[in-house]
$ cat work.cif   # mmCIF, C-alpha atoms
data_structure
loop_
_atom_site.label_atom_id
_atom_site.label_comp_id
_atom_site.auth_asym_id
_atom_site.auth_seq_id
_atom_site.Cartn_x
_atom_site.Cartn_y
_atom_site.Cartn_z
CA MET A 269 1.23 -3.82 -17.55
CA LYS A 270 0.34 -0.24 -16.66
CA ILE A 271 0.87 0.41 -12.94
CA ALA A 272 -0.43 3.23 -10.75
CA VAL A 273 0.74 3.91 -7.20
CA VAL A 274 -1.47 5.83 -4.79
CA ILE A 275 0.01 7.41 -1.68
CA GLY A 276 -2.23 6.48 1.23
CA HIS A 277 -3.69 9.42 3.17
CA ASP A 278 -3.05 13.11 2.46
CA LYS A 279 -1.55 16.25 4.01
CA THR A 280 -4.62 17.01 6.12
CA SER A 281 -5.12 13.39 7.23
CA PRO A 282 -1.58 11.95 7.20
CA GLY A 283 -2.40 8.53 8.70
CA ALA A 284 -0.46 6.73 11.39
CA PHE A 285 2.70 8.26 12.81
CA SER A 286 5.82 6.20 13.43
CA LYS A 287 7.79 7.53 16.38
CA HIS A 288 10.58 5.19 15.29
CA LEU A 289 10.83 6.73 11.81
CA GLY A 290 9.67 10.20 12.88
CA LEU A 291 7.26 10.23 9.91
CA SER A 292 3.58 9.83 9.12
CA GLU A 293 2.30 7.31 6.59
CA TYR A 294 1.75 10.10 4.07
CA ILE A 295 5.27 11.53 4.33
CA TYR A 296 7.00 8.14 4.45
CA ASN A 297 5.07 6.72 1.51
CA SER A 298 5.58 9.93 -0.49
CA GLU A 299 9.32 9.30 -0.11
CA VAL A 300 8.93 5.65 -1.12
CA ALA A 301 6.86 6.63 -4.17
CA SER A 302 9.56 9.08 -5.30
CA TYR A 303 11.81 6.07 -6.01
CA LEU A 304 9.20 4.07 -7.93
CA PRO A 305 9.15 4.06 -11.77
CA TYR A 306 5.34 4.08 -11.89
CA ASP A 307 2.74 6.82 -12.22
CA THR A 308 2.08 8.18 -8.72
CA PHE A 309 -1.17 9.71 -7.52
CA LYS A 310 -2.27 11.51 -4.38
CA ARG A 311 -5.76 11.60 -2.98
CA PRO A 312 -7.79 14.63 -4.10
CA PRO A 313 -7.79 17.30 -1.35
CA GLY A 314 -10.76 19.00 0.24
CA VAL A 315 -13.31 16.18 0.07
CA GLY A 316 -14.25 13.24 2.28
CA TYR A 317 -12.68 9.79 2.04
CA LYS A 318 -15.43 8.10 0.01
CA THR A 319 -15.50 11.00 -2.47
CA GLN A 320 -11.69 10.84 -2.72
CA MET A 321 -11.97 7.18 -3.69
CA GLN A 322 -14.68 7.88 -6.28
CA LEU A 323 -12.58 10.66 -7.85
CA LEU A 324 -9.44 8.53 -7.83
CA GLY A 325 -11.33 5.69 -9.49
CA LYS A 326 -12.29 7.99 -12.37
CA GLN A 327 -8.72 9.30 -12.63
CA LEU A 328 -7.17 5.82 -12.73
CA LYS A 329 -9.08 4.35 -15.67
CA GLY A 330 -6.71 2.60 -18.06
CA TYR A 331 -4.39 1.13 -15.44
CA ASP A 332 -3.99 -2.62 -15.00
CA LEU A 333 -2.82 -2.60 -11.38
CA ILE A 334 -3.30 0.03 -8.68
CA VAL A 335 -1.20 -0.20 -5.49
CA GLU A 336 -1.96 1.97 -2.45
CA LEU A 337 0.96 2.46 -0.04
CA HIS A 338 0.30 2.42 3.71
CA PHE A 339 1.73 1.21 6.99
CA ASN A 340 -0.13 0.06 10.07
CA ALA A 341 -0.20 1.12 13.71
CA PHE A 342 -2.19 -0.32 16.57
CA ASN A 343 -1.12 -0.54 20.20
CA ASN A 344 2.68 -0.71 20.22
CA SER A 345 2.56 -4.51 20.52
CA VAL A 346 1.51 -5.77 17.06
CA SER A 347 3.90 -6.27 14.17
CA GLY A 348 3.99 -7.65 10.67
CA CYS A 349 3.16 -7.27 7.03
CA GLU A 350 -0.24 -7.62 5.37
CA THR A 351 -2.17 -6.69 2.26
CA LEU A 352 -5.82 -6.01 1.54
CA SER A 353 -7.61 -6.87 -1.68
CA TYR A 354 -11.17 -6.90 -2.94
CA PRO A 355 -13.16 -10.01 -1.95
CA GLY A 356 -13.00 -12.72 -4.59
CA ASN A 357 -10.09 -11.20 -6.49
CA THR A 358 -7.66 -14.12 -6.60
CA PHE A 359 -5.15 -12.19 -8.72
CA THR A 360 -4.57 -9.52 -6.05
CA LYS A 361 -4.86 -12.04 -3.21
CA ASN A 362 -2.03 -14.07 -4.80
CA LEU A 363 -0.07 -10.89 -5.51
CA GLY A 364 -0.54 -9.94 -1.86
CA ALA A 365 0.72 -13.32 -0.67
CA GLU A 366 3.88 -12.87 -2.76
CA TYR A 367 4.35 -9.31 -1.43
CA CYS A 368 4.10 -10.56 2.17
CA ARG A 369 6.55 -13.36 1.43
CA LEU A 370 9.10 -10.93 -0.05
CA ILE A 371 8.75 -8.40 2.76
CA THR A 372 8.94 -11.08 5.44
CA ASN A 373 12.02 -12.67 3.85
CA GLN A 374 13.79 -9.32 3.47
CA PHE A 375 12.92 -7.79 6.84
CA CYS A 376 12.25 -10.82 9.06
CA ASN A 377 8.92 -9.52 10.28
CA ASN A 378 5.68 -11.39 10.92
CA ASN A 379 3.68 -12.44 7.83
CA ARG A 380 0.11 -11.45 8.66
CA GLY A 381 -0.98 -12.48 5.17
CA ALA A 382 -2.96 -11.42 2.15
CA LYS A 383 -6.39 -10.50 3.46
CA GLN A 384 -9.62 -9.59 1.75
CA ALA A 385 -11.36 -6.41 2.81
CA SER A 386 -14.77 -6.69 4.42
CA GLU A 387 -17.61 -4.60 3.04
CA GLY A 388 -17.47 -1.12 4.56
CA GLY A 389 -14.32 -2.03 6.52
CA ARG A 390 -10.75 -0.82 6.34
CA GLY A 391 -9.70 -0.19 2.73
CA TRP A 392 -13.08 -1.19 1.31
CA TRP A 393 -13.91 2.04 -0.53
CA PHE A 394 -10.49 2.28 -2.17
CA LEU A 395 -10.72 -1.31 -3.41
CA HIS A 396 -14.39 -0.94 -4.37
CA TYR A 397 -13.98 2.18 -6.54
CA MET A 398 -10.77 1.31 -8.36
CA PRO A 399 -11.34 0.45 -12.05
CA ALA A 400 -8.63 -2.24 -12.14
CA ASN A 401 -6.99 -4.83 -9.92
CA ALA A 402 -6.15 -2.94 -6.72
CA ILE A 403 -4.22 -3.82 -3.60
CA ILE A 404 -3.33 -2.07 -0.35
CA VAL A 405 0.14 -2.90 0.98
CA GLU A 406 1.07 -2.48 4.65
CA PRO A 407 4.65 -3.70 5.22
CA PHE A 408 4.99 -2.93 8.94
CA PHE A 409 3.47 -1.38 12.05
CA GLY A 410 4.86 2.11 12.54
CA ASP A 411 4.43 1.95 16.31
CA SER A 412 6.57 -1.19 16.49
CA PRO A 413 10.37 -1.22 16.51
CA GLU A 414 10.15 -3.33 13.32
CA SER A 415 9.55 -0.05 11.47
CA LEU A 416 13.25 0.77 11.90
CA GLU A 417 13.97 -1.99 9.37
CA PHE A 418 12.19 0.22 6.80
CA LYS A 419 14.11 3.43 7.53
CA ASN A 420 15.54 3.45 4.00
CA PRO A 421 12.62 4.26 1.66
CA LYS A 422 14.72 3.59 -1.44
CA GLU A 423 15.47 0.03 -0.30
CA TYR A 424 11.76 -0.62 0.32
CA ALA A 425 10.91 0.91 -3.09
CA GLU A 426 13.34 -1.49 -4.78
CA ILE A 427 11.51 -4.41 -3.18
CA ILE A 428 8.18 -3.06 -4.43
CA VAL A 429 9.59 -2.86 -7.98
CA ASP A 430 10.95 -6.40 -7.71
CA TRP A 431 7.57 -7.62 -6.43
CA ILE A 432 5.58 -5.95 -9.21
CA GLU A 433 7.96 -6.81 -12.03
CA ASN A 434 8.39 -10.46 -11.01
CA SER A 435 4.88 -11.26 -9.76
CA SER A 436 2.67 -9.58 -12.37
CA PRO A 437 1.80 -10.99 -15.77
CA LYS A 438 3.51 -9.12 -18.61
CA ARG A 439 1.46 -7.63 -21.43
#

$ encode --input "work.cif" --output "structure tokens"
Amino acid sequence: MKIAVVIGHDKTSPGAFSKHLGLSEYIYNSEVASYLPYDTFKRPPGVGYKTQMQLLGKQLKGYDLIVELHFNAFNNSVSGCETLSYPGNTFTKNLGAEYCRLITNQFCNNNRGAKQASEGGRGWWFLHYMPANAIIVEPFFGDSPESLEFKNPKEYAEIIVDWIENSSPKR
């Protein structure tokens, strides 16, 4: 199976900031991706979000699974792990359920579940424009103390590899 990893956000729009880790989503997930044995991609700079997703979709033809790395933030009181997949895609929904199970077992955080994106909602355009099975993974809320459990990006990367290698069909 040919795997692509996309780092969520970019330098000019770095995503949520975790005061507990002292890092933005973009910086943290860039570190995580550096430990992954898969092809890694960044969003194209200088264009809007929807255009970024369209360009990424063209760039990622030929991959079997595309994983976008993120983390959440809300109001300092929510915690947990969740994934987003395209509506009706049972493969990525099941993959997301396994990811949440692994993360929850390893880090003892709340399993918020494998969710399907709503049209036009959070993550929709990424999932819509990807030319293969695609999933957004969000292991924790950066504004929650649970994020401290993820302070070692290499450890989290090893869990991602375990998840992909043991949950995906081999070709």

$ closest_residue --input "work.cif" --among "A:His396, A:Gly330, A:Asn343, A:Lys422" --to "Met269 of chain A" --atoms "only C-alpha atoms"
A:Gly330

$ resolve_selection --input "work.cif" --expression "the PyMOL selection byres ((chain A and resi 302) around 12)" --output "PyMOL selection string"
chain A and resi 273-275+295-301+303-309+421-426

$ write_last_selection --input "work.cif" --atoms "C-alpha atoms" --output "compact mmCIF listing (two decimals), in the coordinates of the input"
# COMPACT_ATOMS: atom_id res chain seq x y z
CA VAL A 273 0.74 3.91 -7.20
CA VAL A 274 -1.47 5.83 -4.79
CA ILE A 275 0.01 7.41 -1.68
CA ILE A 295 5.27 11.53 4.33
CA TYR A 296 7.00 8.14 4.45
CA ASN A 297 5.07 6.72 1.51
CA SER A 298 5.58 9.93 -0.49
CA GLU A 299 9.32 9.30 -0.11
CA VAL A 300 8.93 5.65 -1.12
CA ALA A 301 6.86 6.63 -4.17
CA TYR A 303 11.81 6.07 -6.01
CA LEU A 304 9.20 4.07 -7.93
CA PRO A 305 9.15 4.06 -11.77
CA TYR A 306 5.34 4.08 -11.89
CA ASP A 307 2.74 6.82 -12.22
CA THR A 308 2.08 8.18 -8.72
CA PHE A 309 -1.17 9.71 -7.52
CA PRO A 421 12.62 4.26 1.66
CA LYS A 422 14.72 3.59 -1.44
CA GLU A 423 15.47 0.03 -0.30
CA TYR A 424 11.76 -0.62 0.32
CA ALA A 425 10.91 0.91 -3.09
CA GLU A 426 13.34 -1.49 -4.78

$ closest_residue --input "work.cif" --among "A:Pro413, A:Gly316, A:Pro407, A:Pro355" --to "Trp392 of chain A" --atoms "only C-alpha atoms"
A:Pro355

$ residues_around --input "work.cif" --residues "segment 370-381 of chain A" --least-positions-apart "6" --cutoff "6 Å" --atoms "all atoms listed in the file" --output "list in words"
Gly348, Cys349 and Glu350 of chain A

$ write_last_selection --input "work.cif" --atoms "C-alpha atoms" --output "short mmCIF file (atom, residue, chain, number, x, y, z; two decimals), in the frame of the given file"
data_model
loop_
_atom_site.label_atom_id
_atom_site.label_comp_id
_atom_site.auth_asym_id
_atom_site.auth_seq_id
_atom_site.Cartn_x
_atom_site.Cartn_y
_atom_site.Cartn_z
CA GLY A 348 3.99 -7.65 10.67
CA CYS A 349 3.16 -7.27 7.03
CA GLU A 350 -0.24 -7.62 5.37
#

$ atom_distance --input "work.cif" --atom1 "atom CA of Leu289 of chain A" --atom2 "atom CA of Ile427 of chain A"
18.7 Å

$ atom_distance --input "work.cif" --atom1 "atom CA of Met398 of chain A" --atom2 "atom CA of Tyr317 of chain A"
13.6 Å

$ closest_residue --input "work.cif" --among "A:Gly276, A:Asn401, A:Phe418, A:Arg311" --to "Leu323 of chain A" --atoms "all atoms listed in the file"
A:Arg311

$ closest_residue --input "work.cif" --among "A:Leu395, A:Leu324, A:Ala272, A:Val346" --to "Ser415 of chain A" --atoms "all atoms listed in the file"
A:Val346
